[in-house]
Every structure is written in structure tokens, then in C-alpha cells.
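Below is one structure; the comments refer to it alone.
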Amino acid sequence: MPPVFKGLDDSGNSIGTNVTFWKAVAAGEKDGTGKPLWYKKGIDYWDTVPATDDGVLGGYGHVSDADAKENVQFLKESFGEVLDARRDGKKDKLVACDCGAGIGRVTSSFLIHQFDEVDLVEPVRHFIEKAEELLNGKDAPTRVNGHRAKNFFAVPLESFIPEPKRYDSIWFQWCVGHLTDADLIRLFKRCEEGLMDDGLIFVKENNAKDGFVLDTEDSSLTRSHKYFMYLFEDVLGWEVVKHKTQKDFPQELFKVRMYAVRPKRSRLRKSK
Ligand code: SAH
């Protein structure tokens, strides 16, 4: 029997389990294209939010430095060998994908310093346009190391298909709560195809204490650590290489955890 996770809404009321919740989303109202209204509500919310660090971080733009600092540290701890291979000239370039990128905050504060090329995926039009302006516009910083933001994909993650074996790392930060379990699993499987053989997928998300917590305002859900581990290990059969909680964030926020995960390589090799 798979584990069952209990949910609370943002007022602390019980809303059943992950199983009943996602069933209700799938069976509920649809948008014009037949997708659950769940997704449109999320996009409608972000459409009203200013394209600033404070906007994408719900008023906590000031945590961005502490966030980037831990991202670098975590990347070095879990992906050091590949970074070293690039530094030693054993690899021509490293490519990352910033998923649910907003205005490119994670790319500009962190990914673009560590990777030669970064692609961004973000469905909200005014965010991705801002990201492109900040990263590649006339006032964008000059980069002597030749690193660059390359592709800006204006699509939601539930439809994103990564190019096969393009990415050394695929980074998700504060966005997977917008995807249903079924869409998230399908996306991760497509990412498996998009990843280099020695690549890693990174997920940095809020952790609910238990089960999950629904955010009715932006139509997203905060999963607990156990819920994430269940999806990675039990549902996907992936290996969680490392996970670690973020330090130095304001007390009132959810705990934030970074996961470095990868498809089981032995399984991949056998199936070839
Ligand atoms: N990762 C960025 C932005 C976080 S805010 C950062 O850390 O700065 C959450 C982001 O998720 C917003 O940019 C929002 O537009 C995006 N988002 C919402 N629904 C999404 C979906 N279905 N697919 C991809 N991104 C989505």
C-alpha cells in the first residue's frame, strides 16, 4: 500500500488525502483547453504579480543572497566532480535549465556563474520577458567568462519537453507545487531524457511539516519531506544523492530543502 498524505488548506482545515485531493482536481472544473482549472488559477495569480525579486518571493526578495549562497554550496557538495571536470578542461561546457524561472533570479544570482549556458522555462509572459531583459538586455551585466542565458521557453512545466541529453543540471526552485503529482512525475521522466548521463536534477522547495498544505491564493501545494521522498524514491525509483535544509531564512517561513536527485543509472544502462 502506498503511503497516504493528509492535507490542510491555508486556514488549517483538513482537506482529505493526496489521493482524494488530486482526484478532485482532475475531475473538477476545466479551462477552455480541457486542462484542470488548477493550472489557470496559478497563472492568473502570477499574472498580477510585479516582475521583481520581491514579487516572485512573496515579499521576501531580501532572502535572495542567502538563497544563492546555499545553492552554490549545495551544488559544489553534490556535483563537485562535474564542476571540477569542466574547470580542468575535461568538458567543453556545462548546461543548466532553470525551471519555473520567474524573472530569472536563480539564473542570475547563481546558475549563470556555475554553468556556461542556461535555458529558462517560465509560462508567465511578463516574467520571462523581464528575465530576458535582465539577463540579455542592453543593461545586462557583461560576462567575461562567456557564460550566457540561451533559450527562454515560455511554456508551463506540465508541457515542457527538454531536448534529449542537453542538460548537466535541471534546477527546480519554488515551482513544483504548481504541478499535480501525475504531471510532476511525467515531467521528471521527460527530464530523465533531457539529462546527461552524469547529470543531476535539483529541487529546492518549501517543506510542509506533515502531509501537504494547499495555497488557495496561487493554486499550489506545499509537500512535506516525506511526500517528496515518496515521489523520488518510491514512485520514480530515483536516487536521492543528497538533501539539505536551507540556513539563515526567516523563522516564520516554511522549512526549505534542497534535493539532488538522479535516475538510477544502473537501471538506465541495463535498458539500453
Ligand atoms: N524559481 C523562481 C520563481 C519562483 S515564483 C525563483 O526562485 O525566483 C514561482 C514561479 O512558478 C513563478 O514564476 C510562476 O509563474 C511559476 N509557475 C507557476 N505555474 C507554473 C507552471 N505550471 N509551470 C512552470 N512554472 C510555473
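Labeling convention for the C-alpha cells: chains A, B, ... as they appear, residues from 1 per chain, ligands from 1 in order of appearance.
Proximity to Thr216 (chain A) at 10 Å, evaluated using only C-alpha atoms and with sequence-adjacent residues fewer than 2 positions away removed, yields Asp9, Asp10, Ser11, Trp38, Lys41, Gly42, Val213, Leu214, Asp218, Ser219, Ser220 and Leu221 of chain A.
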Store the residues of this selection in a file with N, CA and C atoms, as a tab-separated table (two decimals), in the first residue's frame.
```
chain	number	residue	atom	x	y	z
A	9	ASP	N	-5.87	23.01	4.27
A	9	ASP	CA	-5.91	24.22	3.44
A	9	ASP	C	-5.21	25.35	4.18
A	10	ASP	N	-5.18	26.55	3.57
A	10	ASP	CA	-4.38	27.61	4.20
A	10	ASP	C	-5.00	28.15	5.48
A	11	SER	N	-6.23	27.72	5.82
A	11	SER	CA	-6.78	28.10	7.13
A	11	SER	C	-6.62	26.98	8.14
A	38	TRP	N	-7.11	24.29	-11.99
A	38	TRP	CA	-5.97	24.39	-11.07
A	38	TRP	C	-4.81	25.18	-11.70
A	41	LYS	N	-5.64	28.96	-12.58
A	41	LYS	CA	-5.69	29.78	-11.35
A	41	LYS	C	-4.29	30.20	-10.94
A	42	GLY	N	-3.34	29.28	-11.07
A	42	GLY	CA	-1.94	29.58	-10.74
A	42	GLY	C	-1.39	30.68	-11.62
A	213	VAL	N	0.16	21.09	2.37
A	213	VAL	CA	-0.62	22.29	2.67
A	213	VAL	C	-0.97	22.96	1.36
A	214	LEU	N	-2.25	23.26	1.19
A	214	LEU	CA	-2.74	23.89	-0.03
A	214	LEU	C	-2.65	25.41	0.08
A	218	ASP	N	-2.43	31.09	-4.75
A	218	ASP	CA	-1.68	30.92	-6.01
A	218	ASP	C	-1.88	29.52	-6.61
A	219	SER	N	-2.82	28.76	-6.05
A	219	SER	CA	-3.13	27.42	-6.56
A	219	SER	C	-1.87	26.55	-6.61
A	220	SER	N	-1.30	26.34	-5.45
A	220	SER	CA	-0.14	25.44	-5.36
A	220	SER	C	-0.24	24.64	-4.07
A	221	LEU	N	0.64	23.68	-3.94
A	221	LEU	CA	0.59	22.81	-2.79
A	221	LEU	C	2.02	22.61	-2.27
```
Proximity of chain A to ligand 1: per-residue shortest pair, 8 Å limit, only C-alpha atoms and all ligand atoms, as JSON lines:
```
{"residue": "A:Tyr39", "atom": "CA", "partner": "ligand 1", "partner_atom_place_in_ligand_line": "22 (N)", "distance": 6.0}
{"residue": "A:Gly42", "atom": "CA", "partner": "ligand 1", "partner_atom_place_in_ligand_line": "19 (N)", "distance": 5.4}
{"residue": "A:Ile43", "atom": "CA", "partner": "ligand 1", "partner_atom_place_in_ligand_line": "19 (N)", "distance": 5.6}
{"residue": "A:Trp46", "atom": "CA", "partner": "ligand 1", "partner_atom_place_in_ligand_line": "15 (O)", "distance": 5.3}
{"residue": "A:Asp47", "atom": "CA", "partner": "ligand 1", "partner_atom_place_in_ligand_line": "15 (O)", "distance": 7.5}
{"residue": "A:Asp53", "atom": "CA", "partner": "ligand 1", "partner_atom_place_in_ligand_line": "8 (O)", "distance": 6.7}
{"residue": "A:Gly55", "atom": "CA", "partner": "ligand 1", "partner_atom_place_in_ligand_line": "5 (S)", "distance": 8.0}
{"residue": "A:Val56", "atom": "CA", "partner": "ligand 1", "partner_atom_place_in_ligand_line": "5 (S)", "distance": 4.3}
{"residue": "A:Leu57", "atom": "CA", "partner": "ligand 1", "partner_atom_place_in_ligand_line": "5 (S)", "distance": 6.0}
{"residue": "A:Asp98", "atom": "CA", "partner": "ligand 1", "partner_atom_place_in_ligand_line": "1 (N)", "distance": 7.4}
{"residue": "A:Cys99", "atom": "CA", "partner": "ligand 1", "partner_atom_place_in_ligand_line": "24 (C)", "distance": 6.6}
{"residue": "A:Gly100", "atom": "CA", "partner": "ligand 1", "partner_atom_place_in_ligand_line": "25 (N)", "distance": 3.6}
{"residue": "A:Ala101", "atom": "CA", "partner": "ligand 1", "partner_atom_place_in_ligand_line": "1 (N)", "distance": 4.3}
{"residue": "A:Gly102", "atom": "CA", "partner": "ligand 1", "partner_atom_place_in_ligand_line": "13 (O)", "distance": 3.2}
{"residue": "A:Ile103", "atom": "CA", "partner": "ligand 1", "partner_atom_place_in_ligand_line": "8 (O)", "distance": 6.6}
{"residue": "A:Gly104", "atom": "CA", "partner": "ligand 1", "partner_atom_place_in_ligand_line": "8 (O)", "distance": 6.3}
{"residue": "A:Arg105", "atom": "CA", "partner": "ligand 1", "partner_atom_place_in_ligand_line": "8 (O)", "distance": 4.6}
{"residue": "A:Val106", "atom": "CA", "partner": "ligand 1", "partner_atom_place_in_ligand_line": "8 (O)", "distance": 5.6}
{"residue": "A:Val121", "atom": "CA", "partner": "ligand 1", "partner_atom_place_in_ligand_line": "24 (C)", "distance": 6.8}
{"residue": "A:Glu122", "atom": "CA", "partner": "ligand 1", "partner_atom_place_in_ligand_line": "25 (N)", "distance": 5.1}
{"residue": "A:Pro123", "atom": "CA", "partner": "ligand 1", "partner_atom_place_in_ligand_line": "24 (C)", "distance": 5.7}
{"residue": "A:Val124", "atom": "CA", "partner": "ligand 1", "partner_atom_place_in_ligand_line": "15 (O)", "distance": 4.9}
{"residue": "A:Phe127", "atom": "CA", "partner": "ligand 1", "partner_atom_place_in_ligand_line": "13 (O)", "distance": 6.5}
{"residue": "A:Val155", "atom": "CA", "partner": "ligand 1", "partner_atom_place_in_ligand_line": "23 (N)", "distance": 7.0}
{"residue": "A:Pro156", "atom": "CA", "partner": "ligand 1", "partner_atom_place_in_ligand_line": "23 (N)", "distance": 3.6}
{"residue": "A:Leu157", "atom": "CA", "partner": "ligand 1", "partner_atom_place_in_ligand_line": "23 (N)", "distance": 3.9}
{"residue": "A:Glu158", "atom": "CA", "partner": "ligand 1", "partner_atom_place_in_ligand_line": "22 (N)", "distance": 6.0}
{"residue": "A:Phe172", "atom": "CA", "partner": "ligand 1", "partner_atom_place_in_ligand_line": "1 (N)", "distance": 6.7}
{"residue": "A:Gln173", "atom": "CA", "partner": "ligand 1", "partner_atom_place_in_ligand_line": "1 (N)", "distance": 4.4}
{"residue": "A:Trp174", "atom": "CA", "partner": "ligand 1", "partner_atom_place_in_ligand_line": "4 (C)", "distance": 4.8}
{"residue": "A:Cys175", "atom": "CA", "partner": "ligand 1", "partner_atom_place_in_ligand_line": "11 (O)", "distance": 4.2}
{"residue": "A:Val176", "atom": "CA", "partner": "ligand 1", "partner_atom_place_in_ligand_line": "24 (C)", "distance": 7.5}
{"residue": "A:His178", "atom": "CA", "partner": "ligand 1", "partner_atom_place_in_ligand_line": "19 (N)", "distance": 5.1}
{"residue": "A:Leu179", "atom": "CA", "partner": "ligand 1", "partner_atom_place_in_ligand_line": "22 (N)", "distance": 6.0}
```
Only N, CA and C atoms, please: the residues just picked out, written as a tab-separated table (two decimals), in the first residue's frame.
```tsv
chain	number	residue	atom	x	y	z
A	39	TYR	N	-4.48	24.86	-12.95
A	39	TYR	CA	-3.32	25.49	-13.60
A	39	TYR	C	-3.60	26.94	-13.97
A	42	GLY	N	-3.34	29.28	-11.07
A	42	GLY	CA	-1.94	29.58	-10.74
A	42	GLY	C	-1.39	30.68	-11.62
A	43	ILE	N	-1.59	30.52	-12.93
A	43	ILE	CA	-1.07	31.52	-13.89
A	43	ILE	C	-1.76	32.87	-13.68
A	46	TRP	N	-0.08	34.66	-10.80
A	46	TRP	CA	1.25	35.22	-11.09
A	46	TRP	C	1.20	36.35	-12.11
A	47	ASP	N	0.16	36.32	-12.96
A	47	ASP	CA	-0.03	37.42	-13.93
A	47	ASP	C	-0.18	38.77	-13.24
A	53	ASP	N	12.17	40.73	-7.64
A	53	ASP	CA	12.55	39.69	-6.68
A	53	ASP	C	11.50	39.58	-5.58
A	55	GLY	N	8.41	40.35	-5.79
A	55	GLY	CA	7.20	39.77	-6.38
A	55	GLY	C	7.29	38.25	-6.39
A	56	VAL	N	8.35	37.70	-7.00
A	56	VAL	CA	8.41	36.23	-7.14
A	56	VAL	C	8.66	35.54	-5.80
A	57	LEU	N	9.17	36.30	-4.81
A	57	LEU	CA	9.41	35.69	-3.50
A	57	LEU	C	8.39	36.16	-2.45
A	98	ASP	N	16.78	26.24	-15.83
A	98	ASP	CA	16.13	26.87	-14.69
A	98	ASP	C	14.62	26.75	-14.90
A	99	CYS	N	13.99	25.88	-14.14
A	99	CYS	CA	12.56	25.58	-14.36
A	99	CYS	C	11.66	26.41	-13.45
A	100	GLY	N	10.59	26.94	-14.00
A	100	GLY	CA	9.70	27.84	-13.23
A	100	GLY	C	10.52	29.04	-12.81
A	101	ALA	N	11.21	29.62	-13.81
A	101	ALA	CA	12.32	30.56	-13.56
A	101	ALA	C	11.90	31.95	-13.11
A	102	GLY	N	10.60	32.27	-13.22
A	102	GLY	CA	10.19	33.63	-12.85
A	102	GLY	C	10.94	34.65	-13.67
A	103	ILE	N	11.56	35.62	-12.99
A	103	ILE	CA	12.31	36.68	-13.70
A	103	ILE	C	13.80	36.30	-13.81
A	104	GLY	N	14.11	35.02	-13.63
A	104	GLY	CA	15.49	34.56	-13.81
A	104	GLY	C	16.37	34.82	-12.60
A	105	ARG	N	15.75	34.97	-11.44
A	105	ARG	CA	16.50	35.28	-10.21
A	105	ARG	C	17.54	34.20	-9.90
A	106	VAL	N	17.15	32.92	-10.00
A	106	VAL	CA	18.07	31.81	-9.69
A	106	VAL	C	19.20	31.76	-10.73
A	121	VAL	N	12.73	28.21	-18.28
A	121	VAL	CA	11.36	27.80	-18.61
A	121	VAL	C	10.42	28.54	-17.67
A	122	GLU	N	9.51	29.32	-18.22
A	122	GLU	CA	8.60	30.12	-17.38
A	122	GLU	C	7.36	30.49	-18.20
A	123	PRO	N	6.18	30.08	-17.72
A	123	PRO	CA	4.97	30.32	-18.53
A	123	PRO	C	4.40	31.74	-18.46
A	124	VAL	N	4.74	32.49	-17.42
A	124	VAL	CA	4.11	33.81	-17.26
A	124	VAL	C	4.88	34.83	-18.09
A	127	PHE	N	6.99	37.75	-16.79
A	127	PHE	CA	8.17	37.29	-16.05
A	127	PHE	C	9.30	36.89	-17.02
A	155	VAL	N	6.74	28.30	-21.69
A	155	VAL	CA	5.76	27.21	-21.58
A	155	VAL	C	5.64	26.78	-20.12
A	156	PRO	N	4.49	26.22	-19.76
A	156	PRO	CA	4.38	25.68	-18.40
A	156	PRO	C	5.12	24.34	-18.31
A	157	LEU	N	5.54	24.02	-17.11
A	157	LEU	CA	6.34	22.79	-16.95
A	157	LEU	C	5.58	21.53	-17.33
A	158	GLU	N	4.26	21.55	-17.15
A	158	GLU	CA	3.50	20.33	-17.48
A	158	GLU	C	3.54	20.05	-18.99
A	172	PHE	N	14.94	23.07	-10.23
A	172	PHE	CA	13.56	23.49	-9.95
A	172	PHE	C	13.58	24.24	-8.63
A	173	GLN	N	13.09	25.44	-8.59
A	173	GLN	CA	13.04	26.14	-7.30
A	173	GLN	C	11.70	26.85	-7.13
A	174	TRP	N	11.04	26.51	-6.05
A	174	TRP	CA	9.76	27.13	-5.69
A	174	TRP	C	8.76	27.14	-6.84
A	175	CYS	N	8.59	26.02	-7.49
A	175	CYS	CA	7.62	25.97	-8.59
A	175	CYS	C	6.90	24.62	-8.71
A	176	VAL	N	7.48	23.53	-8.18
A	176	VAL	CA	6.85	22.23	-8.45
A	176	VAL	C	5.52	22.05	-7.69
A	178	HIS	N	3.13	23.81	-8.10
A	178	HIS	CA	2.07	24.15	-9.06
A	178	HIS	C	1.64	22.93	-9.88
A	179	LEU	N	2.42	21.85	-9.83
A	179	LEU	CA	2.09	20.69	-10.66
A	179	LEU	C	1.41	19.59	-9.85
```
| field | alpha helix (DSSP H) residues, from DSSP on the backbone, in region 75-245 of chain A, as JSON, numbers by chain | value | {"A": [75, 76, 77, 78, 79, 80, 81, 82, 83, 84, 85, 86, 87, 105, 106, 112, 113, 114, 125, 126, 127, 128, 129, 130, 131, 132, 133, 134, 135, 136, 181, 182, 183, 184, 185, 186, 187, 188, 189, 190, 191, 192, 193, 194, 225, 226, 227, 228, 229]}
Selection export as a compact mmCIF listing (two decimals), in the first residue's frame, atoms kept: N, CA and C atoms:
```txt
# COMPACT_ATOMS: atom_id res chain seq x y z
N LEU A 75 25.45 22.80 -4.65
CA LEU A 75 25.88 22.32 -5.97
C LEU A 75 27.30 21.76 -5.86
N LYS A 76 28.17 22.48 -5.17
CA LYS A 76 29.57 22.02 -5.04
C LYS A 76 29.64 20.70 -4.30
N GLU A 77 28.82 20.56 -3.25
CA GLU A 77 28.85 19.33 -2.46
C GLU A 77 28.34 18.12 -3.23
N SER A 78 27.37 18.35 -4.12
CA SER A 78 26.76 17.18 -4.76
C SER A 78 27.19 17.00 -6.22
N PHE A 79 27.81 18.03 -6.78
CA PHE A 79 28.09 18.00 -8.22
C PHE A 79 29.54 18.42 -8.49
N GLY A 80 30.34 18.37 -7.42
CA GLY A 80 31.71 18.87 -7.47
C GLY A 80 32.56 18.23 -8.56
N GLU A 81 32.40 16.93 -8.72
CA GLU A 81 33.23 16.21 -9.71
C GLU A 81 33.03 16.77 -11.12
N VAL A 82 31.79 17.02 -11.46
CA VAL A 82 31.48 17.53 -12.80
C VAL A 82 31.99 18.97 -12.94
N LEU A 83 31.81 19.78 -11.89
CA LEU A 83 32.32 21.16 -11.93
C LEU A 83 33.84 21.14 -12.09
N ASP A 84 34.50 20.22 -11.39
CA ASP A 84 35.97 20.10 -11.49
C ASP A 84 36.39 19.68 -12.91
N ALA A 85 35.62 18.74 -13.49
CA ALA A 85 35.95 18.26 -14.84
C ALA A 85 35.88 19.42 -15.83
N ARG A 86 34.90 20.28 -15.64
CA ARG A 86 34.77 21.46 -16.53
C ARG A 86 35.95 22.40 -16.31
N ARG A 87 36.27 22.64 -15.02
CA ARG A 87 37.36 23.57 -14.72
C ARG A 87 38.69 23.05 -15.28
N ARG A 105 15.75 34.97 -11.44
CA ARG A 105 16.50 35.28 -10.21
C ARG A 105 17.54 34.20 -9.90
N VAL A 106 17.15 32.92 -10.00
CA VAL A 106 18.07 31.81 -9.69
C VAL A 106 19.20 31.76 -10.73
N ILE A 112 24.11 31.01 -13.65
CA ILE A 112 24.93 31.51 -14.77
C ILE A 112 26.41 31.64 -14.38
N HIS A 113 26.66 31.69 -13.08
CA HIS A 113 28.07 31.74 -12.64
C HIS A 113 28.71 30.36 -12.68
N GLN A 114 27.90 29.32 -12.59
CA GLN A 114 28.43 27.96 -12.49
C GLN A 114 28.34 27.19 -13.81
N ARG A 125 4.16 35.39 -19.07
CA ARG A 125 4.78 36.19 -20.12
C ARG A 125 5.60 37.37 -19.58
N HIS A 126 5.03 38.15 -18.65
CA HIS A 126 5.78 39.34 -18.21
C HIS A 126 7.00 38.95 -17.36
N PHE A 127 6.99 37.75 -16.79
CA PHE A 127 8.17 37.29 -16.05
C PHE A 127 9.30 36.89 -17.02
N ILE A 128 8.96 36.09 -18.00
CA ILE A 128 10.02 35.59 -18.88
C ILE A 128 10.60 36.74 -19.74
N GLU A 129 9.72 37.70 -20.06
CA GLU A 129 10.25 38.86 -20.80
C GLU A 129 11.21 39.66 -19.93
N LYS A 130 10.86 39.80 -18.66
CA LYS A 130 11.75 40.50 -17.73
C LYS A 130 13.07 39.73 -17.57
N ALA A 131 12.95 38.40 -17.48
CA ALA A 131 14.16 37.57 -17.33
C ALA A 131 15.10 37.81 -18.52
N GLU A 132 14.53 37.83 -19.71
CA GLU A 132 15.35 38.01 -20.91
C GLU A 132 16.00 39.40 -20.92
N GLU A 133 15.23 40.38 -20.49
CA GLU A 133 15.76 41.76 -20.43
C GLU A 133 16.91 41.84 -19.40
N LEU A 134 16.67 41.26 -18.22
CA LEU A 134 17.69 41.35 -17.16
C LEU A 134 18.96 40.56 -17.51
N LEU A 135 18.77 39.45 -18.20
CA LEU A 135 19.93 38.59 -18.48
C LEU A 135 20.64 38.96 -19.79
N ASN A 136 19.86 39.38 -20.79
CA ASN A 136 20.46 39.60 -22.11
C ASN A 136 20.19 40.99 -22.69
N ASP A 181 0.64 15.71 -8.90
CA ASP A 181 1.60 14.59 -8.79
C ASP A 181 1.79 13.93 -10.15
N ALA A 182 0.69 13.68 -10.85
CA ALA A 182 0.77 12.95 -12.12
C ALA A 182 1.60 13.74 -13.13
N ASP A 183 1.38 15.06 -13.22
CA ASP A 183 2.15 15.89 -14.17
C ASP A 183 3.60 16.02 -13.73
N LEU A 184 3.82 16.08 -12.43
CA LEU A 184 5.20 16.22 -11.93
C LEU A 184 6.00 14.95 -12.26
N ILE A 185 5.38 13.80 -12.08
CA ILE A 185 6.06 12.54 -12.38
C ILE A 185 6.35 12.44 -13.88
N ARG A 186 5.38 12.82 -14.70
CA ARG A 186 5.61 12.78 -16.16
C ARG A 186 6.72 13.75 -16.56
N LEU A 187 6.74 14.93 -15.93
CA LEU A 187 7.78 15.92 -16.22
C LEU A 187 9.15 15.38 -15.83
N PHE A 188 9.24 14.81 -14.64
CA PHE A 188 10.53 14.27 -14.18
C PHE A 188 11.01 13.17 -15.13
N LYS A 189 10.10 12.39 -15.64
CA LYS A 189 10.52 11.33 -16.59
C LYS A 189 11.04 11.93 -17.88
N ARG A 190 10.43 13.04 -18.33
CA ARG A 190 10.96 13.71 -19.53
C ARG A 190 12.33 14.32 -19.22
N CYS A 191 12.49 14.80 -17.98
CA CYS A 191 13.78 15.38 -17.58
C CYS A 191 14.88 14.30 -17.58
N GLU A 192 14.49 13.11 -17.25
CA GLU A 192 15.43 11.98 -17.28
C GLU A 192 16.06 11.88 -18.67
N GLU A 193 15.23 12.09 -19.69
CA GLU A 193 15.72 12.04 -21.08
C GLU A 193 16.58 13.26 -21.41
N GLY A 194 16.26 14.38 -20.78
CA GLY A 194 16.97 15.62 -21.08
C GLY A 194 18.31 15.74 -20.39
N HIS A 225 8.58 16.73 3.41
CA HIS A 225 9.79 16.00 3.04
C HIS A 225 9.46 14.53 2.71
N LYS A 226 8.59 13.92 3.54
CA LYS A 226 8.23 12.51 3.29
C LYS A 226 7.52 12.34 1.94
N TYR A 227 6.70 13.31 1.61
CA TYR A 227 5.95 13.29 0.35
C TYR A 227 6.94 13.36 -0.82
N PHE A 228 7.91 14.28 -0.73
CA PHE A 228 8.93 14.38 -1.79
C PHE A 228 9.72 13.08 -1.91
N MET A 229 10.12 12.52 -0.75
CA MET A 229 10.93 11.29 -0.79
C MET A 229 10.12 10.15 -1.41
```
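Distances here use only C-alpha atoms; by that measure, the residue among A:Phe5, A:Lys247, A:Val19, A:Gly32 closest to Gln73 (chain A) is A:Lys247.
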| message | For the strand (DSSP E or B) assignment from backbone DSSP, which residues of region 35-258 of chain A qualify? Please present them as a PyMOL selection string. | response | chain A and resi 36+95-99+117-121+148-153+167-173+195-208+212-215+220-224+239-245+255-258
| message | Measuring between only C-alpha atoms, which one of A:Ala68, A:Val49, A:Ile170, A:Val241 shows the shortest distance to Met196 (chain A)? | response |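 Looking only at the distances to Met196 (chain A), the closest residue turns out to be A:Ile170.
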| Shell around His147 (chain A) at 12 Å using only C-alpha atoms, local window under 4 positions removed, as a PyMOL selection string | chain A and resi 93-96+107-108+110-119+135-136+141-143
